[in-house]
file run17.csv (CSV, C-alpha atoms and all ligand atoms)
chain,number,residue,atom,x,y,z
A,614,MET,CA,-14.9,6.3,-43.7
A,615,SER,CA,-16.5,4.1,-46.3
A,616,SER,CA,-19.2,4.7,-48.9
A,617,GLN,CA,-21.2,2.2,-46.8
A,618,THR,CA,-21.2,4.7,-43.9
A,619,TRP,CA,-22.2,7.6,-46.2
A,620,GLY,CA,-25.2,5.5,-47.3
A,621,ARG,CA,-26.2,4.6,-43.8
A,622,VAL,CA,-25.9,8.2,-42.6
A,623,ASP,CA,-27.9,9.3,-45.7
A,624,HIS,CA,-30.6,6.8,-44.7
A,625,TYR,CA,-30.5,8.1,-41.1
A,626,ILE,CA,-30.9,11.7,-42.4
A,627,GLU,CA,-33.9,10.6,-44.6
A,628,GLN,CA,-35.5,8.8,-41.6
A,629,THR,CA,-35.0,11.9,-39.4
A,630,PHE,CA,-35.9,14.8,-41.8
A,631,LEU,CA,-38.0,13.4,-44.6
A,632,ALA,CA,-41.6,12.3,-44.2
A,633,PRO,CA,-42.7,9.1,-46.0
A,634,ASP,CA,-43.9,10.2,-49.4
A,635,PRO,CA,-46.1,7.9,-51.5
A,636,ALA,CA,-45.9,9.9,-54.7
A,637,LEU,CA,-42.1,10.0,-54.7
A,638,ALA,CA,-41.9,6.3,-53.7
A,639,ALA,CA,-44.3,5.4,-56.5
A,640,ALA,CA,-42.2,7.4,-59.0
A,641,LEU,CA,-39.1,5.5,-58.1
A,642,GLU,CA,-40.9,2.2,-58.3
A,643,ALA,CA,-42.4,3.0,-61.7
A,644,SER,CA,-39.0,4.3,-63.1
A,645,SER,CA,-37.3,1.1,-61.9
A,646,ALA,CA,-40.1,-1.1,-63.3
A,647,ALA,CA,-39.8,0.6,-66.7
A,648,GLY,CA,-36.1,-0.1,-66.7
A,649,LEU,CA,-34.9,3.5,-66.3
A,650,PRO,CA,-31.4,3.9,-64.9
A,651,ASP,CA,-31.2,4.5,-61.1
A,652,ILE,CA,-29.4,7.8,-61.3
A,653,GLN,CA,-32.0,10.3,-60.0
A,654,VAL,CA,-31.0,12.7,-57.2
A,655,SER,CA,-31.2,11.1,-53.7
A,656,PRO,CA,-34.1,12.0,-51.5
A,657,SER,CA,-32.1,14.4,-49.4
A,658,GLN,CA,-30.7,16.0,-52.6
A,659,GLY,CA,-34.3,16.4,-53.9
A,660,LYS,CA,-35.3,18.1,-50.7
A,661,PHE,CA,-32.2,20.3,-50.9
A,662,LEU,CA,-33.3,21.4,-54.4
A,663,SER,CA,-36.8,22.1,-53.2
A,664,LEU,CA,-35.5,24.2,-50.3
A,665,LEU,CA,-33.3,26.2,-52.7
A,666,VAL,CA,-36.3,26.9,-55.0
A,667,ARG,CA,-38.3,28.2,-52.0
A,668,MET,CA,-35.3,30.3,-50.7
A,669,VAL,CA,-35.1,31.9,-54.1
A,670,GLY,CA,-38.9,32.3,-54.3
A,671,ALA,CA,-38.8,30.9,-57.8
A,672,ARG,CA,-42.0,31.0,-59.9
A,673,ARG,CA,-40.5,29.7,-63.1
A,674,ILE,CA,-38.1,26.7,-63.2
A,675,LEU,CA,-36.2,25.1,-66.0
A,676,GLU,CA,-34.9,21.6,-65.7
A,677,ILE,CA,-32.6,20.0,-68.2
A,678,GLY,CA,-32.7,16.2,-67.9
A,679,THR,CA,-36.0,14.7,-66.7
A,680,LEU,CA,-35.5,11.0,-66.5
A,681,GLY,CA,-38.5,9.6,-64.6
A,682,GLY,CA,-39.4,13.0,-63.1
A,683,TYR,CA,-38.1,12.4,-59.6
A,684,SER,CA,-36.2,15.6,-59.3
A,685,THR,CA,-39.0,17.3,-61.2
A,686,ILE,CA,-41.5,16.4,-58.5
A,687,TRP,CA,-39.3,17.8,-55.8
A,688,LEU,CA,-38.7,21.0,-57.7
A,689,ALA,CA,-42.3,21.5,-58.8
A,690,ARG,CA,-43.7,21.0,-55.3
A,691,ALA,CA,-41.7,23.9,-54.1
A,692,LEU,CA,-43.4,26.3,-56.5
A,693,PRO,CA,-46.2,28.6,-55.4
A,694,THR,CA,-49.7,28.5,-56.9
A,695,GLY,CA,-49.4,29.6,-60.5
A,696,GLY,CA,-45.8,28.6,-60.7
A,697,GLU,CA,-44.4,26.7,-63.7
A,698,LEU,CA,-41.7,24.2,-64.4
A,699,LEU,CA,-40.5,23.2,-67.9
A,700,THR,CA,-38.4,20.1,-68.1
A,701,LEU,CA,-36.4,18.9,-71.2
A,702,GLU,CA,-35.8,15.3,-71.9
A,703,LEU,CA,-34.3,13.6,-75.0
A,704,GLU,CA,-35.8,10.1,-74.6
A,705,ALA,CA,-39.6,9.7,-75.3
A,706,LYS,CA,-39.6,6.6,-73.0
A,707,HIS,CA,-38.2,8.6,-70.1
A,708,ALA,CA,-40.7,11.4,-70.7
A,709,ALA,CA,-43.6,9.0,-70.8
A,710,VAL,CA,-42.7,7.5,-67.4
A,711,ALA,CA,-42.1,11.0,-66.0
A,712,ARG,CA,-45.5,12.2,-67.3
A,713,GLN,CA,-47.2,9.4,-65.5
A,714,ASN,CA,-45.2,10.0,-62.3
A,715,ILE,CA,-46.0,13.7,-62.4
A,716,ASP,CA,-49.7,13.1,-63.0
A,717,ASN,CA,-49.7,10.7,-60.1
A,718,ALA,CA,-48.1,13.4,-57.9
A,719,ARG,CA,-50.9,15.8,-59.0
A,720,LEU,CA,-48.4,18.2,-60.5
A,721,SER,CA,-49.3,18.1,-64.2
A,722,GLU,CA,-50.8,21.6,-64.1
A,723,LYS,CA,-47.5,23.1,-63.2
A,724,VAL,CA,-45.2,20.9,-65.2
A,725,THR,CA,-44.5,20.8,-69.0
A,726,ILE,CA,-42.2,18.1,-70.4
A,727,ARG,CA,-40.6,18.9,-73.8
A,728,VAL,CA,-39.2,15.8,-75.6
A,729,GLY,CA,-36.2,16.1,-77.8
A,730,PRO,CA,-32.6,17.3,-77.6
A,731,ALA,CA,-32.4,20.0,-74.9
A,732,LEU,CA,-30.2,22.3,-77.0
A,733,ARG,CA,-32.8,22.5,-79.7
A,734,ALA,CA,-35.5,23.4,-77.2
A,735,LEU,CA,-33.3,25.9,-75.4
A,736,ARG,CA,-32.9,28.0,-78.6
A,737,THR,CA,-36.6,28.6,-78.6
A,738,LEU,CA,-37.3,29.4,-75.0
A,739,GLU,CA,-38.1,32.8,-73.5
A,740,GLY,CA,-36.9,33.7,-70.0
A,741,PRO,CA,-36.6,34.6,-67.4
A,742,PHE,CA,-36.4,31.5,-65.4
A,743,ASP,CA,-35.7,32.0,-61.7
A,744,PHE,CA,-34.2,28.6,-61.1
A,745,VAL,CA,-32.4,26.2,-63.5
A,746,PHE,CA,-31.4,22.6,-62.7
A,747,ILE,CA,-28.9,21.2,-65.2
A,748,ASP,CA,-28.7,17.3,-65.0
A,749,ALA,CA,-28.6,15.8,-68.6
A,750,ASP,CA,-25.7,14.7,-70.8
A,751,LYS,CA,-22.5,15.9,-69.1
A,752,GLU,CA,-20.8,16.6,-72.4
A,753,SER,CA,-23.2,19.6,-73.1
A,754,THR,CA,-23.1,21.0,-69.6
A,755,ALA,CA,-21.2,24.2,-70.6
A,756,ASP,CA,-23.6,24.8,-73.4
A,757,TYR,CA,-26.6,24.3,-71.1
A,758,PHE,CA,-25.0,26.7,-68.7
A,759,ARG,CA,-24.6,29.4,-71.4
A,760,HIS,CA,-28.3,29.0,-72.3
A,761,ALA,CA,-29.4,29.0,-68.7
A,762,LEU,CA,-27.5,32.3,-68.2
A,763,ALA,CA,-29.1,33.8,-71.2
A,764,LEU,CA,-32.5,32.8,-69.8
A,765,ALA,CA,-31.9,34.1,-66.3
A,766,ARG,CA,-32.4,37.3,-64.5
A,767,GLN,CA,-30.4,39.0,-61.7
A,768,GLY,CA,-31.0,36.8,-58.7
A,769,SER,CA,-31.7,33.6,-60.6
A,770,VAL,CA,-30.0,30.4,-59.3
A,771,ILE,CA,-28.5,27.7,-61.5
A,772,VAL,CA,-27.6,24.3,-60.0
A,773,VAL,CA,-25.5,21.7,-61.9
A,774,ASP,CA,-25.4,18.1,-60.8
A,775,ASN,CA,-22.5,15.6,-61.0
A,776,VAL,CA,-19.6,18.0,-61.0
A,777,VAL,CA,-17.3,15.8,-59.0
A,778,ARG,CA,-18.0,12.2,-60.1
A,779,ASN,CA,-15.9,10.3,-57.6
A,780,GLY,CA,-13.1,12.8,-58.0
A,781,ALA,CA,-12.7,12.1,-61.7
A,782,VAL,CA,-13.0,15.8,-62.3
A,783,LEU,CA,-9.3,16.2,-61.2
A,784,ASP,CA,-8.1,14.2,-64.2
A,785,GLU,CA,-7.3,16.8,-66.8
A,786,ALA,CA,-6.2,14.0,-69.2
A,787,SER,CA,-9.4,12.0,-68.8
A,788,GLU,CA,-10.6,10.2,-71.9
A,789,ASP,CA,-14.1,10.2,-70.5
A,790,SER,CA,-16.1,12.8,-72.5
A,791,ARG,CA,-18.4,13.4,-69.5
A,792,VAL,CA,-15.4,14.4,-67.3
A,793,GLN,CA,-14.1,16.7,-70.0
A,794,GLY,CA,-17.6,18.2,-70.3
A,795,ILE,CA,-17.7,19.0,-66.6
A,796,ARG,CA,-14.2,20.4,-66.7
A,797,ARG,CA,-15.1,22.6,-69.6
A,798,PHE,CA,-18.2,23.8,-67.7
A,799,ASN,CA,-16.1,24.6,-64.7
A,800,GLU,CA,-13.8,26.8,-66.8
A,801,VAL,CA,-16.7,28.6,-68.4
A,802,CYS,CA,-18.5,29.1,-65.2
A,803,ALA,CA,-15.5,30.2,-63.2
A,804,ALA,CA,-14.5,32.7,-65.9
A,805,GLU,CA,-18.1,34.1,-66.2
A,806,ARG,CA,-18.1,37.6,-64.7
A,807,ARG,CA,-21.9,37.8,-64.4
A,808,VAL,CA,-22.2,35.0,-61.8
A,809,SER,CA,-20.9,34.1,-58.3
A,810,ALA,CA,-20.4,30.3,-58.1
A,811,VAL,CA,-19.0,27.5,-55.9
A,812,GLU,CA,-19.1,23.8,-55.9
A,813,LEU,CA,-19.9,21.6,-52.9
A,814,GLN,CA,-18.8,18.0,-52.7
A,815,THR,CA,-21.4,15.5,-51.5
A,816,VAL,CA,-21.4,12.0,-50.2
A,817,GLY,CA,-24.3,9.8,-49.5
A,818,SER,CA,-26.5,7.1,-51.0
A,819,LYS,CA,-25.3,8.3,-54.5
A,820,GLY,CA,-21.7,7.9,-53.6
A,821,TYR,CA,-19.2,10.8,-53.9
A,822,ASP,CA,-20.2,13.7,-56.2
A,823,GLY,CA,-21.1,17.3,-56.1
A,824,PHE,CA,-23.3,20.3,-57.1
A,825,ALA,CA,-22.4,23.6,-58.6
A,826,ILE,CA,-24.4,26.4,-57.1
A,827,VAL,CA,-24.5,29.6,-59.2
A,828,LEU,CA,-26.0,32.9,-58.4
A,829,VAL,CA,-26.6,35.2,-61.4
A,830,ASP,CA,-25.4,38.7,-60.4
A,831,GLY,CA,-26.7,40.4,-63.5
A,901,LIG,N1,-32.9,15.0,-63.1
A,901,LIG,C1,-33.2,13.6,-63.1
A,901,LIG,C2,-32.1,12.7,-63.6
A,901,LIG,C3,-31.7,13.0,-65.0
A,901,LIG,S1,-30.7,11.7,-65.7
A,901,LIG,C4,-33.5,13.3,-61.6
A,901,LIG,O1,-32.6,13.6,-60.8
A,901,LIG,O2,-34.5,12.7,-61.3
A,901,LIG,C5,-30.3,12.5,-67.2
A,901,LIG,C6,-31.4,12.6,-68.2
A,901,LIG,O3,-30.9,13.4,-69.3
A,901,LIG,C7,-31.7,11.2,-68.9
A,901,LIG,O4,-33.1,11.0,-68.8
A,901,LIG,C8,-31.3,11.4,-70.3
A,901,LIG,O5,-32.1,10.8,-71.2
A,901,LIG,C9,-31.4,12.9,-70.5
A,901,LIG,N2,-30.7,13.5,-71.6
A,901,LIG,C10,-29.5,13.0,-72.1
A,901,LIG,N3,-29.1,13.7,-73.1
A,901,LIG,C11,-30.0,14.7,-73.3
A,901,LIG,C12,-30.2,15.7,-74.2
A,901,LIG,N4,-29.3,16.0,-75.2
A,901,LIG,N5,-31.3,16.5,-74.1
A,901,LIG,C13,-32.2,16.3,-73.1
A,901,LIG,N6,-32.1,15.3,-72.2
A,901,LIG,C14,-31.0,14.5,-72.3
A,902,LIG,C1,-25.2,9.5,-64.1
A,902,LIG,C2,-25.9,10.7,-64.5
A,902,LIG,C3,-26.4,11.5,-63.5
A,902,LIG,O1,-27.1,12.6,-63.7
A,902,LIG,C4,-26.2,11.2,-62.1
A,902,LIG,O2,-26.7,12.0,-61.2
A,902,LIG,C5,-25.5,10.0,-61.8
A,902,LIG,C6,-25.0,9.2,-62.8
A,902,LIG,C7,-24.7,8.7,-65.2
A,902,LIG,O3,-24.9,9.0,-66.4
A,902,LIG,O4,-24.1,7.7,-64.9
A,903,MG,MG,-27.4,13.8,-62.0

call {"tool": "encode", "arguments": {"input": "run17.csv", "output": "structure tokens", "more": "lines below"}}
Ligand code: SAH
Ligand code: DHB
Ligand code: MG
result
Amino acid sequence: MSSQTWGRVDHYIEQTFLAPDPALAAALEASSAAGLPDIQVSPSQGKFLSLLVRMVGARRILEIGTLGGYSTIWLARALPTGGELLTLELEAKHAAVARQNIDNARLSEKVTIRVGPALRALRTLEGPFDFVFIDADKESTADYFRHALALARQGSVIVVDNVVRNGAVLDEASEDSRVQGIRRFNEVCAAERRVSAVELQTVGSKGYDGFAIVLVDG
């Protein structure tokens, strides 16, 4: 089974389960036109995140790593009236593209973008957040997870992107700091007694990767 098949099946799933979506399509186009990297979650992954938000009944979401706001739009749309999403982004240019995309999706009332290093912002935040999506620099994932846990309540869900990376996660001697960052997160998360967690491998239009799904037990 080839990555080409995964991509074609993903496309088929999109055609079957996802409605055409002008705001999301425009967000992808604007991100690409601005030269942002093409590394946002896939459409089906975006819908998966939005379903999780609704299953949890989340009213306050924290996202770490905004890029052009593609995942932000999926997450924010799943919020009820009065719900809020705070998203943290290092790069002013990414944040500017995201702001435009979020305005265009008519979500600016719910979404706040904080520009700067996520770790600096995280030290100032007050919880609880019901749902956290961690998807920024992989080196800091374990630190982001510790902060997310401190900002959570019993029943909160934390999702972490890119925990498999084509299987690179297996390589304990990897010289890739991103792989080491994910491996450190895995150790911290697996040893954390206040959560129940698992990771699911994914294939599709983004290749072979995975999500960590973490339930905060209290
Ligand atoms: N969640 C987005 C993709 C995020 S890509 C989506 O799926 O649509 C990762 C983002 O994290 C990039 O925009 C990058 O600039 C940002 N980032 C990298 N290091 C960061 C840091 N220290 N603090 C905040 N954001 C950071
Ligand atoms: C990269 C980052 C991501 O968050 C992702 O989902 C895919 C790729 C990257 O930095 O290459
Ligand atoms: Mg990612």

call {"tool": "closest_residue", "arguments": {"input": "run17.csv", "among": "A:Phe661, A:Phe758, A:Trp619, A:Phe746", "to": "ligand LIG 901 (chain A)", "atoms": "all atoms listed in the file"}}
result
A:Phe746

call {"tool": "residues_near_ligand", "arguments": {"input": "run17.csv", "ligand": "ligand LIG 902 (chain A)", "cutoff": "12 Å", "atoms": "only C-alpha atoms and all ligand atoms", "output": "VMD selection string"}}
result
chain A and resid 649 to 655 658 to 659 677 to 681 683 to 684 746 to 752 754 773 to 779 789 to 792 795 815 818 to 824

call {"tool": "residues_around", "arguments": {"input": "run17.csv", "residues": "Leu631 (chain A)", "least_positions_apart": "2", "cutoff": "12 Å", "atoms": "all atoms listed in the file", "output": "list in words"}}
result
Asp623, His624, Tyr625, Ile626, Glu627, Gln628, Thr629, Pro633, Asp634, Pro635, Leu637, Ser655, Pro656, Ser657, Gln658, Gly659, Lys660 and Phe661 of chain A

call {"tool": "closest_residue", "arguments": {"input": "run17.csv", "among": "A:Ala671, A:Leu764, A:Ala636, A:Ala708", "to": "ligand LIG 901 (chain A)", "atoms": "only C-alpha atoms and all ligand atoms"}}
result
A:Ala708

call {"tool": "residues_around", "arguments": {"input": "run17.csv", "residues": "Leu732 (chain A)", "least_positions_apart": "4", "cutoff": "9 Å", "atoms": "all atoms listed in the file", "output": "PyMOL selection string"}}
result
chain A and resi 736+753+756-757+760

call {"tool": "closest_residue", "arguments": {"input": "run17.csv", "among": "A:Gln617, A:Ser721, A:Thr685, A:Asn799", "to": "Leu701 (chain A)", "atoms": "only C-alpha atoms"}}
result
A:Thr685

call {"tool": "atom_distance", "arguments": {"input": "run17.csv", "atom1": "CA of Val782 (chain A)", "atom2": "atom C4 of ligand LIG 901 (chain A)"}}
result
20.7 Å

call {"tool": "closest_residue", "arguments": {"input": "run17.csv", "among": "A:Met668, A:Leu699, A:Val770, A:Ala734", "to": "ligand LIG 901 (chain A)", "atoms": "only C-alpha atoms and all ligand atoms"}}
result
A:Ala734

call {"tool": "closest_residue", "arguments": {"input": "run17.csv", "among": "A:Val811, A:Ala765, A:Ala709, A:Val772", "to": "ligand MG 903 (chain A)", "atoms": "only C-alpha atoms and all ligand atoms"}}
result
A:Val772
